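K.L.:
My questions will all concern the structure given below.
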Amino acid sequence: MIGEFAYYEPVGEWLVSRGYDIGKGLGLPRDSYEDRGSPTLRPDKVGIGNLGTKKIEIVSVEIKNGRINYDMIVQASRYFIFSHKVYIASPHKPSPEIANRIKQLGIGFLLINPKSMKITEYVKPQLRALKNRKEMIYWLNNYFKVYECRICGNFVRKDQAKEDSFENRKTNRKLSYNKSRMSKMC
């Protein structure tokens with residue numbers, strides 16, 4: 001039986017193929033937004049879309065090796081606190097009852113072929129607006145190293161931000177700044 005970790009890379013590639021950044025090159029453990037978060041909220045994979053703009057899209061994926069049950073659905077649904085889309089990924093098709101329930105909750109389902117590692121979007125997720133923007137900012141800053149520019153409002157990765165661009169243009173003095181808001185050549 002293949003372990004859950006064997007599916008991390010194919011799920012990451014699937015996210016990248018759809019335009020999501022998965023944190024490669026940021027110096028994070030495992031070189032991606034993988035297993036990042038608090039002890040009780042830790043999605044297996046995260047992709048962030050539309051970086052460099054004000055309207056980013058966070059996608060969280062909970063990867064399971066076994067059949068999907070209600071505990072897994074509850075676990076995945078908690079990611080809506082900071083995610084716009086949530087998926088459960090597994091090599092096992094959900095039962096019709098489970099598939100209907102995840103549709104009702106707006107959770108998507110990725111069916112993984114364990115032999116070819118091909119991924120099929122079996123159930124499309126709903127794109128949700130976040131209820132708590134501060135929670136999203138907290139997660140982006142502390143777990144994913146993505147920051148909001150204080151000048152233009154765009155979201156950028158830490159490795160693409162320019163910390164030295166904070167200066168008051170009238171007085172030419174450096175400003176003290178909150179590291180959670182960095183500027184990218186604004």
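For the structure tokens, the naming scheme is as follows: chains receive sequential letters (A, B, ...) according to their order of presentation, residues are indexed from 1 within each chain, and ligands are indexed from 1 in presentation order.
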I want to know what sits within 12 Å of stretch 102-107 of chain A, based on only C-alpha atoms, with residues of the same chain fewer than 6 positions away left out; could you give that as a ChimeraX atom specification?
P.N.:
/A:59-62,68-80,83-89,94-96,121-129
K.L.:
For stretch 7-17 of chain A, list every protein, DNA or RNA residue within 10 Å, evaluated using only C-alpha atoms, and leave out those in the same chain fewer than 5 positions away; present the list as an NGL selection string.
P.N.:
:A and (2 or 22-23 or 32-34 or 44-49 or 59-65 or 89-91 or 110 or 112-114 or 116-121)
K.L.:
Of the residues A:Lys131, A:Ala161, A:Lys93, A:Arg18, which is the one nearest to A:Val146, using only C-alpha atoms?
P.N.:
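Of the candidates, the smallest distance to A:Val146 is held by A:Ala161.
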K.L.:
Could you pull the residues within 7 Å of A:Lys145, counting only C-alpha atoms, minus those fewer than 5 positions along the same chain, as a ChimeraX atom specification?
P.N.:
/A:140,157-158
K.L.:
Name the residues of stretch 7-179 of chain A that fall into strand (DSSP E) according to DSSP on the backbone, using the chain letters and numbers of this document, as a PyMOL selection string.
P.N.:
chain A and resi 45-49+57-63+85-90+108-112+119-123+146-148+155-157
K.L.:
Save out the residues we just selected, N, CA, C and O atoms, as a short mmCIF file (atom, residue, chain, number, x, y, z; two decimals), in the first residue's frame.
P.N.:
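Final output, result.cif:
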data_model
loop_
_atom_site.label_atom_id
_atom_site.label_comp_id
_atom_site.auth_asym_id
_atom_site.auth_seq_id
_atom_site.Cartn_x
_atom_site.Cartn_y
_atom_site.Cartn_z
N LYS A 45 -1.20 20.14 1.54
CA LYS A 45 -0.64 20.97 0.47
C LYS A 45 -1.44 22.26 0.39
O LYS A 45 -2.65 22.26 0.58
N VAL A 46 -0.74 23.35 0.07
CA VAL A 46 -1.39 24.64 -0.13
C VAL A 46 -0.84 25.26 -1.40
O VAL A 46 0.36 25.20 -1.65
N GLY A 47 -1.72 25.83 -2.19
CA GLY A 47 -1.33 26.59 -3.37
C GLY A 47 -1.89 27.99 -3.26
O GLY A 47 -3.00 28.18 -2.76
N ILE A 48 -1.11 28.97 -3.68
CA ILE A 48 -1.56 30.36 -3.63
C ILE A 48 -1.55 30.91 -5.05
O ILE A 48 -0.51 30.93 -5.71
N GLY A 49 -2.71 31.31 -5.52
CA GLY A 49 -2.85 31.84 -6.87
C GLY A 49 -2.89 33.35 -6.89
O GLY A 49 -3.22 34.00 -5.89
N GLU A 57 -5.72 33.85 -4.23
CA GLU A 57 -6.63 32.73 -4.00
C GLU A 57 -5.84 31.61 -3.32
O GLU A 57 -4.84 31.15 -3.85
N ILE A 58 -6.26 31.24 -2.13
CA ILE A 58 -5.58 30.18 -1.37
C ILE A 58 -6.37 28.89 -1.51
O ILE A 58 -7.58 28.87 -1.27
N VAL A 59 -5.67 27.82 -1.90
CA VAL A 59 -6.27 26.51 -2.06
C VAL A 59 -5.58 25.55 -1.10
O VAL A 59 -4.35 25.43 -1.12
N SER A 60 -6.34 24.88 -0.25
CA SER A 60 -5.79 23.89 0.68
C SER A 60 -6.25 22.50 0.26
O SER A 60 -7.40 22.32 -0.14
N VAL A 61 -5.33 21.54 0.38
CA VAL A 61 -5.64 20.16 0.00
C VAL A 61 -5.30 19.24 1.16
O VAL A 61 -4.19 19.27 1.69
N GLU A 62 -6.26 18.43 1.56
CA GLU A 62 -6.05 17.39 2.56
C GLU A 62 -5.94 16.07 1.81
O GLU A 62 -6.88 15.66 1.11
N ILE A 63 -4.80 15.42 1.91
CA ILE A 63 -4.54 14.18 1.17
C ILE A 63 -4.75 13.00 2.09
O ILE A 63 -4.22 12.96 3.20
N LYS A 85 -10.57 27.94 -1.48
CA LYS A 85 -11.00 26.64 -1.99
C LYS A 85 -10.35 25.55 -1.15
O LYS A 85 -9.20 25.70 -0.71
N VAL A 86 -11.09 24.45 -0.97
CA VAL A 86 -10.56 23.31 -0.22
C VAL A 86 -10.86 22.04 -1.00
O VAL A 86 -11.95 21.88 -1.56
N TYR A 87 -9.86 21.15 -1.04
CA TYR A 87 -10.01 19.85 -1.68
C TYR A 87 -9.65 18.74 -0.70
O TYR A 87 -8.81 18.94 0.20
N ILE A 88 -10.23 17.59 -0.92
CA ILE A 88 -9.75 16.34 -0.34
C ILE A 88 -9.23 15.54 -1.52
O ILE A 88 -9.88 15.48 -2.57
N ALA A 89 -8.06 14.94 -1.37
CA ALA A 89 -7.47 14.12 -2.43
C ALA A 89 -7.29 12.70 -1.91
O ALA A 89 -6.81 12.51 -0.79
N SER A 90 -7.65 11.72 -2.73
CA SER A 90 -7.53 10.32 -2.33
C SER A 90 -7.55 9.42 -3.56
O SER A 90 -8.13 9.80 -4.58
N GLY A 108 -14.00 20.39 -2.73
CA GLY A 108 -13.73 19.65 -3.95
C GLY A 108 -13.10 18.31 -3.64
O GLY A 108 -12.65 18.06 -2.52
N PHE A 109 -13.06 17.44 -4.66
CA PHE A 109 -12.44 16.12 -4.47
C PHE A 109 -11.53 15.83 -5.66
O PHE A 109 -11.94 15.94 -6.81
N LEU A 110 -10.28 15.47 -5.34
CA LEU A 110 -9.31 15.08 -6.36
C LEU A 110 -9.11 13.58 -6.28
O LEU A 110 -8.72 13.06 -5.23
N LEU A 111 -9.40 12.90 -7.37
CA LEU A 111 -9.22 11.45 -7.44
C LEU A 111 -7.83 11.17 -8.00
O LEU A 111 -7.48 11.64 -9.09
N ILE A 112 -7.02 10.44 -7.25
CA ILE A 112 -5.65 10.14 -7.63
C ILE A 112 -5.57 8.71 -8.15
O ILE A 112 -6.01 7.78 -7.46
N ILE A 119 -4.14 12.94 -11.69
CA ILE A 119 -5.16 13.50 -10.80
C ILE A 119 -6.33 14.01 -11.63
O ILE A 119 -6.14 14.72 -12.61
N THR A 120 -7.53 13.65 -11.19
CA THR A 120 -8.76 14.09 -11.84
C THR A 120 -9.60 14.85 -10.82
O THR A 120 -9.78 14.39 -9.69
N GLU A 121 -10.10 16.01 -11.25
CA GLU A 121 -11.00 16.77 -10.38
C GLU A 121 -12.37 16.10 -10.45
O GLU A 121 -13.12 16.31 -11.40
N TYR A 122 -12.68 15.30 -9.46
CA TYR A 122 -13.91 14.51 -9.42
C TYR A 122 -15.10 15.37 -8.96
O TYR A 122 -16.19 15.23 -9.46
N VAL A 123 -14.86 16.24 -8.00
CA VAL A 123 -15.89 17.19 -7.52
C VAL A 123 -15.23 18.57 -7.51
O VAL A 123 -14.16 18.74 -6.92
N VAL A 146 4.14 34.92 2.86
CA VAL A 146 3.56 35.79 1.84
C VAL A 146 3.07 37.04 2.56
O VAL A 146 2.43 36.96 3.61
N TYR A 147 3.41 38.20 2.01
CA TYR A 147 3.13 39.47 2.68
C TYR A 147 2.36 40.41 1.77
O TYR A 147 2.44 40.32 0.56
N GLU A 148 1.64 41.35 2.40
CA GLU A 148 0.88 42.34 1.68
C GLU A 148 1.66 43.65 1.65
O GLU A 148 2.13 44.12 2.69
N PHE A 155 -0.09 41.12 -2.86
CA PHE A 155 0.52 40.08 -2.04
C PHE A 155 1.72 39.50 -2.77
O PHE A 155 1.63 39.18 -3.95
N VAL A 156 2.85 39.39 -2.05
CA VAL A 156 4.08 38.87 -2.65
C VAL A 156 4.76 37.89 -1.70
O VAL A 156 4.58 37.96 -0.48
N ARG A 157 5.54 36.99 -2.29
CA ARG A 157 6.34 36.06 -1.49
C ARG A 157 7.48 36.83 -0.84
O ARG A 157 7.95 37.82 -1.38
#
K.L.:
Calculate how many Å separate atom CA of A:Leu130 from atom CA of A:Ile151, rounding to one decimal.
P.N.:
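For atom CA of A:Leu130 relative to atom CA of A:Ile151, the distance reads 22.2 Å.
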K.L.:
Could you state the separation of atom CA of A:Asn100 and atom CA of A:Arg67 in Å, given to one decimal place?
P.N.:
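Separation of atom CA of A:Asn100 and atom CA of A:Arg67: 14.9 Å.
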K.L.:
Counting only C-alpha atoms, which of A:Arg150, A:Arg42, A:Lys24, A:Arg101 gets nearest to A:Ile81?
P.N.:
A:Arg42
K.L.:
Pick out the closest residue to A:Gly66 from this set: A:Met136, A:Gly3, A:Asp21, A:Thr53. Count only C-alpha atoms.
P.N.:
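When distances to A:Gly66 are compared using only C-alpha atoms, the smallest one comes from A:Gly3.
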K.L.:
Report the distance between atom CA of A:Asn142 and atom CA of A:Tyr20 in Å, rounded to one decimal place.
P.N.:
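Those two atoms sit 18.9 Å apart.
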K.L.:
Output as a ChimeraX atom specification all residues of stretch 22-173 of chain A that backbone DSSP marks as helix (DSSP H, G or I).
P.N.:
/A:29-31,70-81,96-105,133-143,158-160,163-165
K.L.:
Write to file, as a compact mmCIF listing (two decimals), in the first residue's frame, the residues of the selection just made, with N, CA and C atoms.
P.N.:
# COMPACT_ATOMS: atom_id res chain seq x y z
N PRO A 29 10.52 24.06 5.08
CA PRO A 29 10.72 22.62 5.14
C PRO A 29 10.04 21.94 3.95
N ARG A 30 10.71 20.97 3.36
CA ARG A 30 10.22 20.24 2.18
C ARG A 30 10.06 21.14 0.96
N ASP A 31 10.56 22.37 1.04
CA ASP A 31 10.58 23.32 -0.07
C ASP A 31 9.20 23.57 -0.67
N TYR A 70 -16.61 11.05 7.38
CA TYR A 70 -17.06 12.36 7.86
C TYR A 70 -15.99 13.09 8.69
N ASP A 71 -15.15 12.36 9.41
CA ASP A 71 -14.07 13.02 10.16
C ASP A 71 -13.12 13.76 9.22
N MET A 72 -12.83 13.15 8.08
CA MET A 72 -11.94 13.79 7.10
C MET A 72 -12.60 15.03 6.49
N ILE A 73 -13.89 14.96 6.30
CA ILE A 73 -14.62 16.11 5.76
C ILE A 73 -14.59 17.28 6.75
N VAL A 74 -14.79 16.98 8.03
CA VAL A 74 -14.73 18.02 9.06
C VAL A 74 -13.33 18.64 9.10
N GLN A 75 -12.31 17.78 9.05
CA GLN A 75 -10.93 18.28 9.05
C GLN A 75 -10.70 19.23 7.87
N ALA A 76 -11.10 18.83 6.69
CA ALA A 76 -10.89 19.66 5.49
C ALA A 76 -11.72 20.95 5.56
N SER A 77 -12.92 20.88 6.06
CA SER A 77 -13.79 22.06 6.07
C SER A 77 -13.24 23.16 6.98
N ARG A 78 -12.43 22.81 7.97
CA ARG A 78 -11.84 23.82 8.85
C ARG A 78 -10.86 24.72 8.09
N TYR A 79 -10.34 24.28 6.97
CA TYR A 79 -9.38 25.08 6.21
C TYR A 79 -10.03 26.29 5.55
N PHE A 80 -11.36 26.33 5.53
CA PHE A 80 -12.05 27.50 4.97
C PHE A 80 -11.80 28.75 5.83
N ILE A 81 -11.22 28.59 7.01
CA ILE A 81 -10.89 29.75 7.85
C ILE A 81 -9.93 30.67 7.10
N PRO A 96 -21.44 7.82 -3.03
CA PRO A 96 -22.38 8.88 -3.47
C PRO A 96 -22.82 9.78 -2.31
N GLU A 97 -23.02 9.20 -1.14
CA GLU A 97 -23.44 9.97 0.03
C GLU A 97 -22.35 10.97 0.44
N ILE A 98 -21.10 10.52 0.47
CA ILE A 98 -19.97 11.39 0.83
C ILE A 98 -19.76 12.45 -0.25
N ALA A 99 -19.84 12.05 -1.53
CA ALA A 99 -19.67 13.00 -2.63
C ALA A 99 -20.72 14.11 -2.55
N ASN A 100 -21.94 13.75 -2.24
CA ASN A 100 -23.02 14.73 -2.10
C ASN A 100 -22.74 15.67 -0.93
N ARG A 101 -22.25 15.12 0.18
CA ARG A 101 -21.99 15.95 1.36
C ARG A 101 -20.85 16.95 1.10
N ILE A 102 -19.79 16.50 0.45
CA ILE A 102 -18.69 17.44 0.21
C ILE A 102 -19.10 18.52 -0.80
N LYS A 103 -19.96 18.16 -1.75
CA LYS A 103 -20.50 19.18 -2.68
C LYS A 103 -21.29 20.22 -1.91
N GLN A 104 -22.14 19.76 -0.98
CA GLN A 104 -22.96 20.69 -0.18
C GLN A 104 -22.09 21.65 0.63
N LEU A 105 -20.97 21.17 1.10
CA LEU A 105 -20.07 22.00 1.91
C LEU A 105 -19.13 22.86 1.07
N ARG A 133 -10.57 38.38 7.08
CA ARG A 133 -9.36 38.74 6.33
C ARG A 133 -8.12 38.72 7.22
N LYS A 134 -8.27 39.12 8.49
CA LYS A 134 -7.14 39.13 9.42
C LYS A 134 -6.59 37.71 9.62
N GLU A 135 -7.47 36.74 9.67
CA GLU A 135 -7.03 35.34 9.82
C GLU A 135 -6.21 34.91 8.61
N MET A 136 -6.67 35.29 7.41
CA MET A 136 -5.94 34.96 6.20
C MET A 136 -4.55 35.61 6.22
N ILE A 137 -4.48 36.88 6.59
CA ILE A 137 -3.20 37.61 6.64
C ILE A 137 -2.27 36.92 7.64
N TYR A 138 -2.81 36.54 8.78
CA TYR A 138 -2.01 35.84 9.80
C TYR A 138 -1.39 34.56 9.22
N TRP A 139 -2.21 33.77 8.53
CA TRP A 139 -1.71 32.52 7.96
C TRP A 139 -0.69 32.79 6.86
N LEU A 140 -0.97 33.74 6.00
CA LEU A 140 -0.04 34.06 4.92
C LEU A 140 1.32 34.48 5.48
N ASN A 141 1.31 35.36 6.48
CA ASN A 141 2.56 35.88 7.05
C ASN A 141 3.33 34.83 7.83
N ASN A 142 2.65 34.13 8.72
CA ASN A 142 3.33 33.26 9.66
C ASN A 142 3.65 31.87 9.13
N TYR A 143 2.86 31.35 8.24
CA TYR A 143 3.08 29.98 7.78
C TYR A 143 3.54 29.88 6.33
N LYS A 158 7.92 36.34 0.30
CA LYS A 158 9.01 36.99 1.03
C LYS A 158 10.25 37.15 0.16
N ASP A 159 10.58 36.15 -0.64
CA ASP A 159 11.79 36.22 -1.45
C ASP A 159 11.65 37.18 -2.64
N GLN A 160 10.45 37.69 -2.89
CA GLN A 160 10.24 38.64 -3.98
C GLN A 160 9.99 40.05 -3.48
N GLU A 163 12.60 44.68 1.17
CA GLU A 163 12.48 45.32 2.48
C GLU A 163 13.04 46.73 2.49
N ASP A 164 14.06 47.00 1.66
CA ASP A 164 14.69 48.31 1.67
C ASP A 164 13.92 49.37 0.90
N SER A 165 12.76 49.05 0.38
CA SER A 165 12.01 50.03 -0.39
C SER A 165 11.10 50.88 0.48
